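Inspection log for the structure reproduced underneath, given as structure tokens.
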Amino acid sequence: MLSYSKISNPLVKPFKTSFGTQLSRDAIILTYQEGDTKAFGEAVTDNAPLYGYEDNFTVLHVINNHLKGMFSPNMEPQKFNAKAKEIRGHNMAKGALEMLLWDINAKREGKPLHEFLGKSKGYADVGISIGMSTVEDELKTIEDSIKKGYRRIKVKIERGYNVELLKAIRDRFGNIPLSVDANQGFSRDDFETLKKLDQFDLKYIEQPLPLEDINGHALLRKEMNTPICLDESIESVESATNAIERGAVDVINIKPGRVGGLQNSLDIMEKARENDVKIWIGGMLETGIGRSFNVSLASNSLVNMPGDTSPNHRYFKKDITNESFEMKDGRIMPYKGPGIGVSLDYEFFNGVQVEGGRLLD
Ligand code: OSB
Ligand code: MG
């Protein structure tokens, strides 16, 4: 049986980006049960379409009315992808089902997902993504993150909140591995401001311009020394190829939820590496379920920069999974159990569930 639950779990701290402030992780969790085996999926959407055009409501609508008829628990993820291609867009809905299929298939083989995916290094290098706050508060968080061993610090920026923040960070912490994420917050009129960021020797600037503006990123890339990283703009192998061919990108932040799942992620990763574009695995404040998919993919040897896959406790006082990731020397190891290797803490899960129902018998 396939069912869904919508949960709302408060974040330990509000997460502010150029597109808004998230106070809780409001997620759609998919559960498939077959005998004693349970498999899971998670859509990376939120209640509002602020990061991309999908939200929790469109995900449920698209799964219920368009995708579930194409889905069978007995198929391989690639087969599902081939059928789901008929439906335009809606990668986050597709990704939730596709990842569920990876979990089912890995569990049938009795293998942990990172091994089932292949080319695993057995660990993922971890960076932290810090939401906007006051400069003083961010400096405190950064100090704490460096002590914890994070391998890269990423701060969120927007118009009017960038140069001063970065000056303060470089003054206090010197040459730490640092990057910025604008979440589409700038436009082609802001190139002079953006060029000022070159002085801070950043690893990259992530998604400075609107996601549609591939040409704009190519123009900016010619004017800036800071490498350009794309997140929201990369939705498929085709959009990755387009961005590469237009000279718009140095680094890609892959989120399996955003590109329709793990197979598309692997294909984009291959394409990027063939073209000397660097790769890391991002996050969307996922619960322990989505997080385990991300960590499994981040362990792949095609990944060559630290990603946004912090341990669960960085986001939640209590997560819905019984297992939680630990970081040691800035690294996280995927779980050893079959598939994504997590079980749900049902007492807690039921407490944070706000809605639920059956999708398929
Ligand atoms: O742009 O990478 C992003 C969170 C929600 C939506 C978009 C983004 C983010 C993050 C946090 O940066 C990454 C994480 O720690 O999960
Ligand atoms: Mg981003």
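In the structure tokens, each chain is lettered A, B, ... as it comes, each chain's residues begin at 1, and ligands are numbered from 1 in order of appearance.
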
So that each row is one residue of region 60-137 of chain A with an atom at most 9 Å from region 276-291 of chain A, can you give its shortest atom pair and the distance in Å to one decimal, using only C-alpha atoms, rows by chain and rising number, as CSV?
residue,atom,partner,partner_atom,distance
A:Ala96,CA,A:Gly290,CA,8.9
A:Met99,CA,A:Gly290,CA,8.9
A:Ser129,CA,A:Gly283,CA,9.0

Write out, as a short mmCIF file (atom, residue, chain, number, x, y, z; two decimals), in the first residue's frame, the residues just selected, with N, CA, C and O atoms.
data_model
loop_
_atom_site.label_atom_id
_atom_site.label_comp_id
_atom_site.auth_asym_id
_atom_site.auth_seq_id
_atom_site.Cartn_x
_atom_site.Cartn_y
_atom_site.Cartn_z
N ALA A 96 9.78 12.52 -5.59
CA ALA A 96 9.35 11.81 -4.37
C ALA A 96 9.05 10.35 -4.69
O ALA A 96 9.46 9.44 -3.95
N MET A 99 12.40 8.42 -5.88
CA MET A 99 13.30 8.06 -4.77
C MET A 99 12.71 6.92 -3.94
O MET A 99 13.44 6.03 -3.50
N SER A 129 24.74 25.58 5.51
CA SER A 129 24.05 26.70 4.89
C SER A 129 23.37 27.49 6.02
O SER A 129 22.52 26.97 6.73
#

Contacts of Arg25 (chain A) at 10 Å (only C-alpha atoms; same-chain gap of 6+ positions) as a PDB file with N, CA, C and O atoms, in the first residue's frame:
ATOM      1  N   ILE A   7       3.413  16.427   7.214  1.00  0.00           N
ATOM      2  CA  ILE A   7       3.858  16.712   8.581  1.00  0.00           C
ATOM      3  C   ILE A   7       4.303  18.169   8.691  1.00  0.00           C
ATOM      4  O   ILE A   7       4.630  18.808   7.686  1.00  0.00           O
ATOM      5  N   SER A   8       4.322  18.658   9.921  1.00  0.00           N
ATOM      6  CA  SER A   8       4.859  19.995  10.180  1.00  0.00           C
ATOM      7  C   SER A   8       5.720  19.915  11.428  1.00  0.00           C
ATOM      8  O   SER A   8       5.206  19.724  12.531  1.00  0.00           O
ATOM      9  N   ASN A   9       7.021  20.010  11.246  1.00  0.00           N
ATOM     10  CA  ASN A   9       7.965  19.880  12.363  1.00  0.00           C
ATOM     11  C   ASN A   9       8.732  21.195  12.501  1.00  0.00           C
ATOM     12  O   ASN A   9       9.375  21.640  11.550  1.00  0.00           O
ATOM     13  N   PRO A  10       8.643  21.854  13.682  1.00  0.00           N
ATOM     14  CA  PRO A  10       9.298  23.160  13.819  1.00  0.00           C
ATOM     15  C   PRO A  10      10.818  23.081  13.678  1.00  0.00           C
ATOM     16  O   PRO A  10      11.437  22.109  14.111  1.00  0.00           O
ATOM     17  N   LEU A  11      11.403  24.099  13.049  1.00  0.00           N
ATOM     18  CA  LEU A  11      12.863  24.193  12.945  1.00  0.00           C
ATOM     19  C   LEU A  11      13.417  24.742  14.258  1.00  0.00           C
ATOM     20  O   LEU A  11      12.734  25.519  14.944  1.00  0.00           O
ATOM     21  N   VAL A  44      10.402  17.620  -1.717  1.00  0.00           N
ATOM     22  CA  VAL A  44      11.168  18.715  -1.100  1.00  0.00           C
ATOM     23  C   VAL A  44      10.393  20.035  -1.040  1.00  0.00           C
ATOM     24  O   VAL A  44      10.922  21.045  -0.594  1.00  0.00           O
ATOM     25  N   THR A  45       9.143  19.999  -1.486  1.00  0.00           N
ATOM     26  CA  THR A  45       8.339  21.227  -1.495  1.00  0.00           C
ATOM     27  C   THR A  45       7.999  21.720  -0.095  1.00  0.00           C
ATOM     28  O   THR A  45       8.075  20.983   0.890  1.00  0.00           O
ATOM     29  N   ASP A  46       7.570  22.976  -0.046  1.00  0.00           N
ATOM     30  CA  ASP A  46       7.065  23.622   1.159  1.00  0.00           C
ATOM     31  C   ASP A  46       5.585  23.973   0.885  1.00  0.00           C
ATOM     32  O   ASP A  46       5.050  23.641  -0.175  1.00  0.00           O
ATOM     33  N   ASN A  47       4.939  24.672   1.826  1.00  0.00           N
ATOM     34  CA  ASN A  47       3.530  25.003   1.596  1.00  0.00           C
ATOM     35  C   ASN A  47       3.314  26.055   0.506  1.00  0.00           C
ATOM     36  O   ASN A  47       2.238  26.128  -0.074  1.00  0.00           O
ATOM     37  N   MET A 284      17.126  20.837   1.246  1.00  0.00           N
ATOM     38  CA  MET A 284      15.942  21.701   1.365  1.00  0.00           C
ATOM     39  C   MET A 284      15.361  21.515   2.764  1.00  0.00           C
ATOM     40  O   MET A 284      14.148  21.394   2.915  1.00  0.00           O
ATOM     41  N   LEU A 285      16.244  21.476   3.753  1.00  0.00           N
ATOM     42  CA  LEU A 285      15.812  21.295   5.148  1.00  0.00           C
ATOM     43  C   LEU A 285      15.011  20.004   5.317  1.00  0.00           C
ATOM     44  O   LEU A 285      14.064  19.950   6.120  1.00  0.00           O
ATOM     45  N   GLU A 286      15.392  18.961   4.590  1.00  0.00           N
ATOM     46  CA  GLU A 286      14.638  17.703   4.604  1.00  0.00           C
ATOM     47  C   GLU A 286      14.575  17.059   5.987  1.00  0.00           C
ATOM     48  O   GLU A 286      15.460  17.235   6.814  1.00  0.00           O
ATOM     49  N   THR A 287      13.544  16.249   6.168  1.00  0.00           N
ATOM     50  CA  THR A 287      13.460  15.390   7.351  1.00  0.00           C
ATOM     51  C   THR A 287      14.509  14.285   7.207  1.00  0.00           C
ATOM     52  O   THR A 287      15.197  14.192   6.187  1.00  0.00           O
ATOM     53  N   TYR A 315      18.709  21.079  12.332  1.00  0.00           N
ATOM     54  CA  TYR A 315      17.414  21.579  11.870  1.00  0.00           C
ATOM     55  C   TYR A 315      16.291  21.404  12.890  1.00  0.00           C
ATOM     56  O   TYR A 315      15.434  22.255  13.022  1.00  0.00           O
ATOM     57  N   PHE A 316      16.284  20.220  13.555  1.00  0.00           N
ATOM     58  CA  PHE A 316      15.135  19.854  14.397  1.00  0.00           C
ATOM     59  C   PHE A 316      15.579  19.450  15.793  1.00  0.00           C
ATOM     60  O   PHE A 316      16.596  18.762  15.946  1.00  0.00           O
TER      61      PHE A 316
END

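Distances from A:Thr37, A:Glu136, A:Gln22, A:Gly127 to Ser343 (chain A) were compared using only C-alpha atoms, and the smallest one belongs to A:Thr37.
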
Quick one: residues within 9 Å of ligand 2, with only C-alpha atoms and all ligand atoms, as an MDAnalysis selection string? chainID A and resid 51 129 156 180:184 206:207 229:232 253 282:284

For Asp213 (chain A), work out the shell of residues within 8 Å, counting only C-alpha atoms and skipping chain neighbours fewer than 4 positions away, then give it as number ranges by chain. A: 209, 217, 233

What does the distance from CA of Arg159 (chain A) to CA of Asp189 (chain A) come to in Å, to one decimal? 11.2 Å

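In this comparison, which uses only C-alpha atoms and all ligand atoms, the residue of A:Lys328, A:Lys79, A:Lys16, A:Arg221 approaching ligand 1 most closely is A:Lys16.
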
If you run DSSP on this backbone, which residues of region 172-331 of chain A come out as strand (DSSP E or B), and could you give them as a PyMOL selection string? chain A and resi 178-181+205-206+228-230+251-254+278-281+300+307+321+327-328+331

Between A:Lys317, A:Arg358, A:Lys111, A:Lys94, single out the one closest to Ile340 (chain A), counting only C-alpha atoms. A:Lys111

Quick one: residues within 6 Å of Tyr4 (chain A), only C-alpha atoms, excluding same-chain residues fewer than 6 positions away - as a VMD selection string? chain A and resid 29 to 30 356 to 357

Give the helix (DSSP H, G or I) residues of region 15-151 of chain A, as DSSP finds them on the backbone, and put them as a VMD selection string. chain A and resid 56 to 70 77 to 84 91 to 108 113 to 117 135 to 148

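Counting only C-alpha atoms and comparing A:Arg108, A:Lys85, A:Leu297, A:Ile28, the residue that lies closest to His61 (chain A) is A:Ile28.
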
Which residues are near Ser239 (chain A)? Cut-off 12 Å, only C-alpha atoms, ignore same chain within fewer than 4 positions. Put them as a ChimeraX atom specification. /A:211-214,230-235,243-246,248-249,252,259,264,267-268,271-272

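Closest approach to ligand 1 among A:Asp308, A:Glu274, A:Glu323, A:Glu223 is made by A:Asp308 (distances from only C-alpha atoms and all ligand atoms).
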
May I have the residues within 12 Å of Lys154 (chain A) as a PyMOL selection string, using only C-alpha atoms and disregarding those fewer than 5 positions away in the same chain? chain A and resi 17+126-132+138-139+141-142+145-146+165-166+169+176-182+202-206+282+306-308

Restricting to only C-alpha atoms, whichever of A:Gly337, A:Pro227, A:Gly174, A:Pro112 is closest to Ser296 (chain A) is A:Pro112

Within 9 Å of Asp125 (chain A), counting only C-alpha atoms, which residues qualify if same-chain residues fewer than 6 places away don't, as number ranges by chain? A: 150-151, 298-299, 304-307, 309, 329-332

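Relative to CA of Ser5 (chain A), CA of Asn350 (chain A) is found at 9.3 Å.
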